[in-house]
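Report on one structure; see the data block that follows.
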Amino acid sequence: MIRDTALFFAHEARNTLRNPIWPLFGITQPVLYLLLFAPLFAGGSFQGEMGTALSTFAPGMLVITALFGSMGVAYGTIFELRNGVLERIAVSPVWRPSIVLGRMLRDVAVLMVQSLAVMLVAMAMGLRVGPLGVLLMLALLAVTGLFASGVAYGLALSLRDENAMGQIMQFFALPLMLLSGALLPMAFGPDWLETISWFTPFYHPVEAGRALFAGDFGDVSVPLAFGIMLGLAALTVTWSVRSLRRLAG
Amino acid sequence: MIISAQGLTKTFTTKSRKGAKKVEAVRGVDLRVEKGEIFGVLGPNGAGKTTTIRMLATLLVPDSGQATVAGHDLVADPSGVRRNLGYVSQAGGVEEQNTPRAQVVFAARAHRVQNPVEAADQVLRRFDLHEIADRPGRTLSGGQKRRVAIALGLVHAPPLLFLDEPTTGLDPQNRANLWERIRELRDLGTSVLLSTHYLDEADALCDRLAIVDHGVVVAEGTPGDLKRELSGDVVTLRTTETERAARVLAPLARESRVDDDVLRVYVDDGEHTLPVLLRRLEEEGLALKSVALDRSTLDDVFLAKTGRSLRDTGAETGATA
């Protein structure tokens, strides 16, 4: 099991390294937000205090990295499904769940590198976070990324259609991003909006990320976000593994 | 016997706006494939060839029936089947972004081959791919991709190889080359199960074959036996009065078929029977537009068994179910 997962992880990681330009594209959006939007955010709500503003703004950008990063990954899987690559692998003695688990681990590994890069940019702009904050944030992002790629592979393997997948992703990505409070904290808005956002998944890692970057490691949002993300990740990973069963259609 | 299957069936339910619709893709297939032979499954698109192969390759679970593949029970021990099987799908499964070498090494690892790098190198050389083994898959030609696909299925030296429509879309030269490779496999002791809708391919390549139509095997045997069973030669006559001509010639023919203005008369010895046939028609005052004498082909076998010509079933177009 572990052997096969490691096998797929190594194979996929090598494929990514052969073309490292794509993960780089994945962080242009959050980095541009940091460079071009964070100063407005700081000026608007924090009297130009860049360090404090970034500890509120950067966690949102990191969660956006996880959200948008995962959206692209599963398109390749639809192609591999049609191209017979997955079918071929399925007729080998490998443990079948490792086909998606290896890919998810690759996605998480890529997300870790992307997140570190985004954090470095934020730090260069004035963000101050201790090592514990960084580590806990990376752990939270890893679980968030696992949840997001679980959704992506589950959708890819059930829909088997790039167009349908693109439409669904587009349909959900914008409201989920707005309601996560990644751009502006939901506390800025009316109560009803904050209540709605509480029931969307990405709100929680953003809130917890802000607590972590502010040094409030004991804040209730932190265990809550870990709990919710772990639960959702378990559900979606199971879903995508189960979708593999219908590999041959 | 390397494959023994009895009564395999598979029904798909397709959902559309008009409601669920059941498609009986395979309605009871029996197959017996001996060790070391090239066994063909011949039939038009939609006959159930691919579904049968996918069931035997553990990709689909049959609704009923049983099979032993490479010494393992298909339903009870699918992983035992997978360990002893090479499977090359119609799509091929060649990764576009990756080099053939990386893919073949990975396939070797997935099949737990002892020395994956060496095994990959050997199979790539065997298929004349070592020179292009380090180029991305997308830069390869159709024939090269086909050979990479087969190398991917053979790297773990399985005793049994499945090839689903191996030469579809290849030019004649690449087809002939691939036939040669498949014969080499047999010479090395690998058993091959291949599906095809090409009559000439089944005829030239297969030791034995099963003709399938609408999800059942309609005939099975060596190409020679199948054609002999039908009788040696076919006289194709075009006339305006095919029904009457058929009645007149019935005592001279082993079998005859009417198809619009075409009458096919199956006879044992065409060279000597043809003048007799023509004399009888003239005596009866039947005018002929044309006449042709051919050896009977697998298409005649197909026509005799199913009432349709394989050439008329759209075999060259459309998708295979």
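Here, A, B, ... name the chains of the structure tokens in the order displayed, residue numbers run from 1 inside each chain, and ligands are numbered from 1 in the same displayed order.
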Handout entry: strand (DSSP E or B) call set, DSSP backbone run, segment 53-212 of chain B, as a PyMOL selection string
Key = chain B and resi 64-69+72-73+85-88+160-164+191-196+208-212
Practice task
Pick out the chain B residues within 6 Å of chain A. Count only C-alpha atoms. Give them as a list of chain:residue names.
Solution key: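 On the chain B side, the interface is B:Leu59, B:Ser79, B:Arg82, B:Arg83, B:Ala91, B:Gly92, B:Gly93, B:Ala110, B:His111.
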Contacts between segment 193-210 of chain A and segment 61-91 of chain A, please, where a residue of segment 61-91 of chain A counts if it comes within 12 Å (with only C-alpha atoms); show its shortest atom pair and distance in Å to one decimal, rows by chain and ascending number, as CSV.
residue,atom,partner,partner_atom,distance
A:Met61,CA,A:Val206,CA,8.7
A:Leu62,CA,A:Val206,CA,8.3
A:Val63,CA,A:Val206,CA,6.4
A:Ile64,CA,A:Phe202,CA,8.7
A:Thr65,CA,A:Phe202,CA,11.5
A:Ala66,CA,A:Phe202,CA,9.8
A:Leu67,CA,A:Phe202,CA,8.4
A:Phe68,CA,A:Phe202,CA,11.8
Handout entry: 9 Å contact set for segment 23-28 of chain A, only C-alpha atoms, chain neighbours under 6 positions out, as a list of chain:residue names
Key = A:Thr16, A:Thr65, A:Phe68, A:Gly69, A:Gly72, A:Val110, A:Leu111, A:Val113, A:Gln114, A:Ser115, A:Ala117, A:Val118
Problem - Residue with smallest distance to Leu31 of chain B - pool B:Arg109, B:Arg208, B:Lys305, B:His130, counting only C-alpha atoms - result: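 Closest candidate: B:Arg208.
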Handout entry: Distance query Leu160 of chain B at most 12 Å, only C-alpha atoms, self and fewer than 6 positions along chain excluded, as a PyMOL selection string
Key = chain B and resi 1-3+33-39+56-57+69-71+81-88+153-154+185-186+188-194
